[in-house]
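J.: My questions all concern the structure below.
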Amino acid sequence: MTATLPTAVDIAARAVDVWKVYGSGEAQVIALHGVSVELQRGQFTAIMGPSGSGKSTLMHCLAGLDTVTRGEVYVGDARVTGLSDRALTDLRRDKVGFIFQQFNLLPTLTAEENILLPLAIAGRKPDRDWFDTVIDTVGLRDRLKHRPTQLSGGQQQRVACARALVARPEVIFADEPTGNLDSRSGAEVLSFLRNSVRDFGQTIVMVTHDPNAASYADRVIFLADGRVVDELRDPSAEAVLDRLKRLDVTAAQLADGAVDGAV
């Protein structure tokens, strides 16, 4: 039986032959080598690879945080490549959510105010039913009036997760979201992300170096030397670790023998 290919409606974000080059001449660094990838709506995708593989660069290009040297990037049906600064700001505000390793909470605001800040900046009123659903899902009901310094690291990251989800973006990009957390707090945040996909149909794209974190995803995309070299569906931590070990060999082979091509 022929597999059903995803349609444009099913794709939350995609890169088409994306190159990212820094510098020029002898100082030139090619961070992404013609990457093409489609990220399906309503799925949890992890992006992994050795240090310097281009995983964070790819995420930043997909999210409109960085420009591409060549190729095209889309979020939903919106073409990100070539947008003006104002249009990029609107796109990041309306269609994209972000979760970072450092939480990025404002210390003078309460947890509730931090969660609602993107909506306030956009001049949008929160959907109170949805807000209540998000708050109960992340377990922050009794912490809404606390400021970040009164919260643990795990609680601060759950505030950041709620902030990303409350605006109902098309896709949430998470860059090492558990990197500053202990294993228990990290598991709580990953479970929340997993549940937001399962229960609410959210789309999550997460960069991580942690095989255990990647095991929460539906799909893992592996990069080496700026190229997509492998992927894994329904991953286990053990399977991810095994692929990462193989990537060390692949990265060395690419570095030794690949032809970069003209950009």
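Chain labels follow the order of the structure tokens: the first chain is A, the next B, and so on; residue numbering restarts at 1 in every chain, and ligands are counted from 1 in their shown order.
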Give me the residues near segment 188-193 of chain A as a ChimeraX atom specification, where near means some atom within 7 Å (using only C-alpha atoms) and where sequence neighbours in that chain fewer than 5 positions away do not count.
T.: /A:138,158,213,216
J.: Grab the residues selected above and save them as a compact mmCIF listing (two decimals), in the first residue's frame with all heavy atoms.
T.:
```txt
# COMPACT_ATOMS: atom_id res chain seq x y z
N VAL A 138 0.35 22.93 33.11
CA VAL A 138 1.73 23.08 33.60
C VAL A 138 1.81 23.10 35.12
O VAL A 138 2.91 23.13 35.68
CB VAL A 138 2.40 24.36 33.03
CG1 VAL A 138 2.52 24.28 31.53
CG2 VAL A 138 1.66 25.61 33.46
N ARG A 158 8.56 26.15 33.18
CA ARG A 158 7.15 25.89 32.90
C ARG A 158 6.39 27.18 32.63
O ARG A 158 5.46 27.21 31.82
CB ARG A 158 6.52 25.11 34.06
CG ARG A 158 6.86 23.61 34.00
CD ARG A 158 6.10 22.82 35.02
NE ARG A 158 6.72 22.90 36.34
CZ ARG A 158 6.07 22.77 37.49
NH1 ARG A 158 4.77 22.59 37.49
NH2 ARG A 158 6.72 22.83 38.63
N ALA A 213 15.96 13.42 26.33
CA ALA A 213 15.01 14.46 25.93
C ALA A 213 14.43 14.15 24.55
O ALA A 213 13.22 14.29 24.32
CB ALA A 213 15.69 15.83 25.93
N TYR A 216 11.30 11.84 23.92
CA TYR A 216 9.92 12.33 24.08
C TYR A 216 9.31 12.73 22.74
O TYR A 216 8.10 12.95 22.66
CB TYR A 216 9.90 13.53 25.02
CG TYR A 216 10.06 13.20 26.49
CD1 TYR A 216 11.30 12.89 27.02
CD2 TYR A 216 8.95 13.19 27.35
CE1 TYR A 216 11.45 12.59 28.37
CE2 TYR A 216 9.10 12.89 28.70
CZ TYR A 216 10.35 12.59 29.20
OH TYR A 216 10.48 12.28 30.53
```
J.: Per residue of segment 48-112 of chain A within 12 Å of segment 224-244 of chain A, note the shortest atom pair and the distance in Å to one decimal, counting only C-alpha atoms, and order the rows by chain and increasing residue number, as a Markdown table.
T.:
```
| residue | atom | partner | partner_atom | distance |
| --- | --- | --- | --- | --- |
| A:Met48 | CA | A:Leu244 | CA | 8.1 |
| A:Gly49 | CA | A:Ala224 | CA | 5.8 |
| A:Pro50 | CA | A:Ala224 | CA | 6.6 |
| A:Ser51 | CA | A:Ala224 | CA | 8.8 |
| A:Gly52 | CA | A:Asp225 | CA | 7.0 |
| A:Ser53 | CA | A:Asp225 | CA | 4.6 |
| A:Gly54 | CA | A:Gly226 | CA | 4.9 |
| A:Lys55 | CA | A:Gly226 | CA | 7.7 |
| A:Ser56 | CA | A:Gly226 | CA | 10.3 |
| A:Thr57 | CA | A:Gly226 | CA | 8.9 |
| A:Leu58 | CA | A:Gly226 | CA | 8.6 |
```
J.: Could you pull out all residues of segment 144-245 of chain A with a DSSP call of alpha helix (DSSP H) and give them as a ChimeraX atom specification?
T.: /A:153-166,183-200,211-214,237-245
J.: Just want the 7 Å neighbourhood of Val171 of chain A, counted on only C-alpha atoms, with same-chain residues fewer than 3 positions away dropped. Output as a ChimeraX atom specification.
T.: /A:12,95-97,202-204
J.: Residues within 9 Å of Phe173 of chain A, please, as a list of chain:residue names. Count only C-alpha atoms; anything in the same chain fewer than 6 positions from it doesn't count.
T.: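 After dropping sequence-adjacent residues, the list is A:Met59, A:His60, A:Leu62, A:Ala63, A:Val96, A:Gly97, A:Phe98, A:Ile99, A:Phe100, A:Ala164, A:Thr203, A:Ile204, A:Val205, A:Met206, A:Val207.
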J.: State, in Å with one decimal place, the distance from atom CA of Gly139 of chain A to atom CA of Ala46 of chain A.
T.: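 It comes out at 24.2 Å.
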J.: Using backbone DSSP assignments, extract all strand (DSSP E or B) residues from segment 183-241 of chain A; output them as a list of chain:residue names.
T.: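 Everything in segment 183-241 of chain A that counts as strand (DSSP E or B) is A:Ile204, A:Val205, A:Met206, A:Val207, A:Arg219, A:Val220, A:Ile221, A:Phe222, A:Leu223, A:Ala224, A:Arg227, A:Val228, A:Val229, A:Asp230, A:Glu231, A:Leu232, A:Arg233.
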J.: Find the residues near Asp94 of chain A: any atom within 8 Å, counting only C-alpha atoms, skip ones fewer than 3 places away on the same chain, and give them as a list in words.
T.: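 Listing them by chain and then by number gives Asp90, Leu91, Ala167 and Pro169 of chain A.
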J.: So that I can see what lies close to Thr81 of chain A, please list as an mmCIF file with all heavy atoms, in the first residue's frame the residues with an atom at most 8 Å from it, counting only C-alpha atoms and leaving out residues fewer than 5 positions away in the same chain.
T.:
```cif
data_model
loop_
_atom_site.group_PDB
_atom_site.id
_atom_site.type_symbol
_atom_site.label_atom_id
_atom_site.label_comp_id
_atom_site.auth_asym_id
_atom_site.auth_seq_id
_atom_site.Cartn_x
_atom_site.Cartn_y
_atom_site.Cartn_z
ATOM 1 N N THR A 67 18.605 35.038 9.040
ATOM 2 C CA THR A 67 18.326 34.982 7.607
ATOM 3 C C THR A 67 19.110 33.837 6.968
ATOM 4 O O THR A 67 20.115 33.377 7.508
ATOM 5 C CB THR A 67 18.727 36.302 6.929
ATOM 6 O OG1 THR A 67 20.127 36.532 7.160
ATOM 7 C CG2 THR A 67 17.922 37.464 7.492
ATOM 8 N N VAL A 68 18.635 33.387 5.824
ATOM 9 C CA VAL A 68 19.339 32.342 5.092
ATOM 10 C C VAL A 68 20.164 32.995 3.981
ATOM 11 O O VAL A 68 19.832 34.072 3.486
ATOM 12 C CB VAL A 68 18.363 31.304 4.489
ATOM 13 C CG1 VAL A 68 17.497 30.714 5.584
ATOM 14 C CG2 VAL A 68 17.505 31.907 3.389
ATOM 15 N N GLY A 71 18.049 29.752 -0.484
ATOM 16 C CA GLY A 71 16.971 28.828 -0.171
ATOM 17 C C GLY A 71 15.770 29.566 0.392
ATOM 18 O O GLY A 71 15.731 30.797 0.438
ATOM 19 N N GLU A 72 14.773 28.800 0.813
ATOM 20 C CA GLU A 72 13.532 29.388 1.298
ATOM 21 C C GLU A 72 13.081 28.705 2.584
ATOM 22 O O GLU A 72 13.307 27.505 2.779
ATOM 23 C CB GLU A 72 12.424 29.267 0.242
ATOM 24 C CG GLU A 72 12.693 30.057 -1.036
ATOM 25 C CD GLU A 72 11.532 29.972 -2.011
ATOM 26 O OE1 GLU A 72 10.827 28.946 -2.007
ATOM 27 O OE2 GLU A 72 11.329 30.930 -2.764
ATOM 28 N N VAL A 73 12.421 29.490 3.436
ATOM 29 C CA VAL A 73 11.867 28.998 4.690
ATOM 30 C C VAL A 73 10.404 29.420 4.767
ATOM 31 O O VAL A 73 10.057 30.557 4.410
ATOM 32 C CB VAL A 73 12.645 29.558 5.903
ATOM 33 C CG1 VAL A 73 11.920 29.238 7.210
ATOM 34 C CG2 VAL A 73 14.060 29.001 5.937
ATOM 35 N N TYR A 74 9.558 28.503 5.228
ATOM 36 C CA TYR A 74 8.131 28.784 5.390
ATOM 37 C C TYR A 74 7.694 28.402 6.792
ATOM 38 O O TYR A 74 8.127 27.380 7.333
ATOM 39 C CB TYR A 74 7.293 27.991 4.385
ATOM 40 C CG TYR A 74 7.531 28.356 2.941
ATOM 41 C CD1 TYR A 74 8.583 27.791 2.228
ATOM 42 C CD2 TYR A 74 6.692 29.254 2.290
ATOM 43 C CE1 TYR A 74 8.810 28.114 0.904
ATOM 44 C CE2 TYR A 74 6.909 29.592 0.956
ATOM 45 C CZ TYR A 74 7.964 29.015 0.270
ATOM 46 O OH TYR A 74 8.187 29.339 -1.049
#
```
J.: Might you pull out every residue within 6 Å of segment 35-40 of chain A, with only C-alpha atoms counted and same-chain residues fewer than 6 positions away left off, and present them as a list of chain:residue names?
T.: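 Those residues are A:Asp10, A:Ile11, A:Ala12, A:Ala13, A:Arg14, A:Ala15, A:Val16, A:Asp17, A:Val18, A:Arg227.
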J.: May I have the selected residues written with N, CA and C atoms, as a PDB file, in the first residue's frame?
T.:
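File out-v9.pdb, as written:
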```
ATOM      1  N   ASP A  10      -0.573  20.105   6.117  1.00  0.00           N
ATOM      2  CA  ASP A  10      -0.027  19.333   7.227  1.00  0.00           C
ATOM      3  C   ASP A  10       1.347  19.817   7.684  1.00  0.00           C
ATOM      4  N   ILE A  11       1.956  20.740   6.959  1.00  0.00           N
ATOM      5  CA  ILE A  11       3.319  21.163   7.251  1.00  0.00           C
ATOM      6  C   ILE A  11       3.305  22.464   8.058  1.00  0.00           C
ATOM      7  N   ALA A  12       3.893  22.419   9.259  1.00  0.00           N
ATOM      8  CA  ALA A  12       3.939  23.604  10.118  1.00  0.00           C
ATOM      9  C   ALA A  12       5.088  24.527   9.749  1.00  0.00           C
ATOM     10  N   ALA A  13       6.216  23.944   9.328  1.00  0.00           N
ATOM     11  CA  ALA A  13       7.379  24.736   8.921  1.00  0.00           C
ATOM     12  C   ALA A  13       8.222  23.897   7.978  1.00  0.00           C
ATOM     13  N   ARG A  14       8.931  24.559   7.069  1.00  0.00           N
ATOM     14  CA  ARG A  14       9.782  23.801   6.162  1.00  0.00           C
ATOM     15  C   ARG A  14      10.936  24.654   5.659  1.00  0.00           C
ATOM     16  N   ALA A  15      12.027  23.978   5.379  1.00  0.00           N
ATOM     17  CA  ALA A  15      13.193  24.593   4.756  1.00  0.00           C
ATOM     18  C   ALA A  15      13.376  23.954   3.393  1.00  0.00           C
ATOM     19  N   VAL A  16      13.665  24.760   2.380  1.00  0.00           N
ATOM     20  CA  VAL A  16      13.844  24.279   1.015  1.00  0.00           C
ATOM     21  C   VAL A  16      15.232  24.697   0.523  1.00  0.00           C
ATOM     22  N   ASP A  17      16.135  23.709   0.420  1.00  0.00           N
ATOM     23  CA  ASP A  17      17.493  23.938  -0.075  1.00  0.00           C
ATOM     24  C   ASP A  17      18.143  25.147   0.619  1.00  0.00           C
ATOM     25  N   VAL A  18      18.142  25.112   1.940  1.00  0.00           N
ATOM     26  CA  VAL A  18      18.647  26.243   2.722  1.00  0.00           C
ATOM     27  C   VAL A  18      20.152  26.131   2.953  1.00  0.00           C
ATOM     28  N   ARG A 227      24.378  19.196   7.281  1.00  0.00           N
ATOM     29  CA  ARG A 227      23.503  18.423   6.394  1.00  0.00           C
ATOM     30  C   ARG A 227      22.595  17.518   7.208  1.00  0.00           C
TER      31      ARG A 227
END
```
J.: So the first atom is atom CA of Arg92 of chain A and the second is atom CA of Leu105 of chain A; what is the distance between them in Å, to one decimal place?
T.: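 Separating atom CA of Arg92 of chain A from atom CA of Leu105 of chain A is a distance of 17.4 Å.
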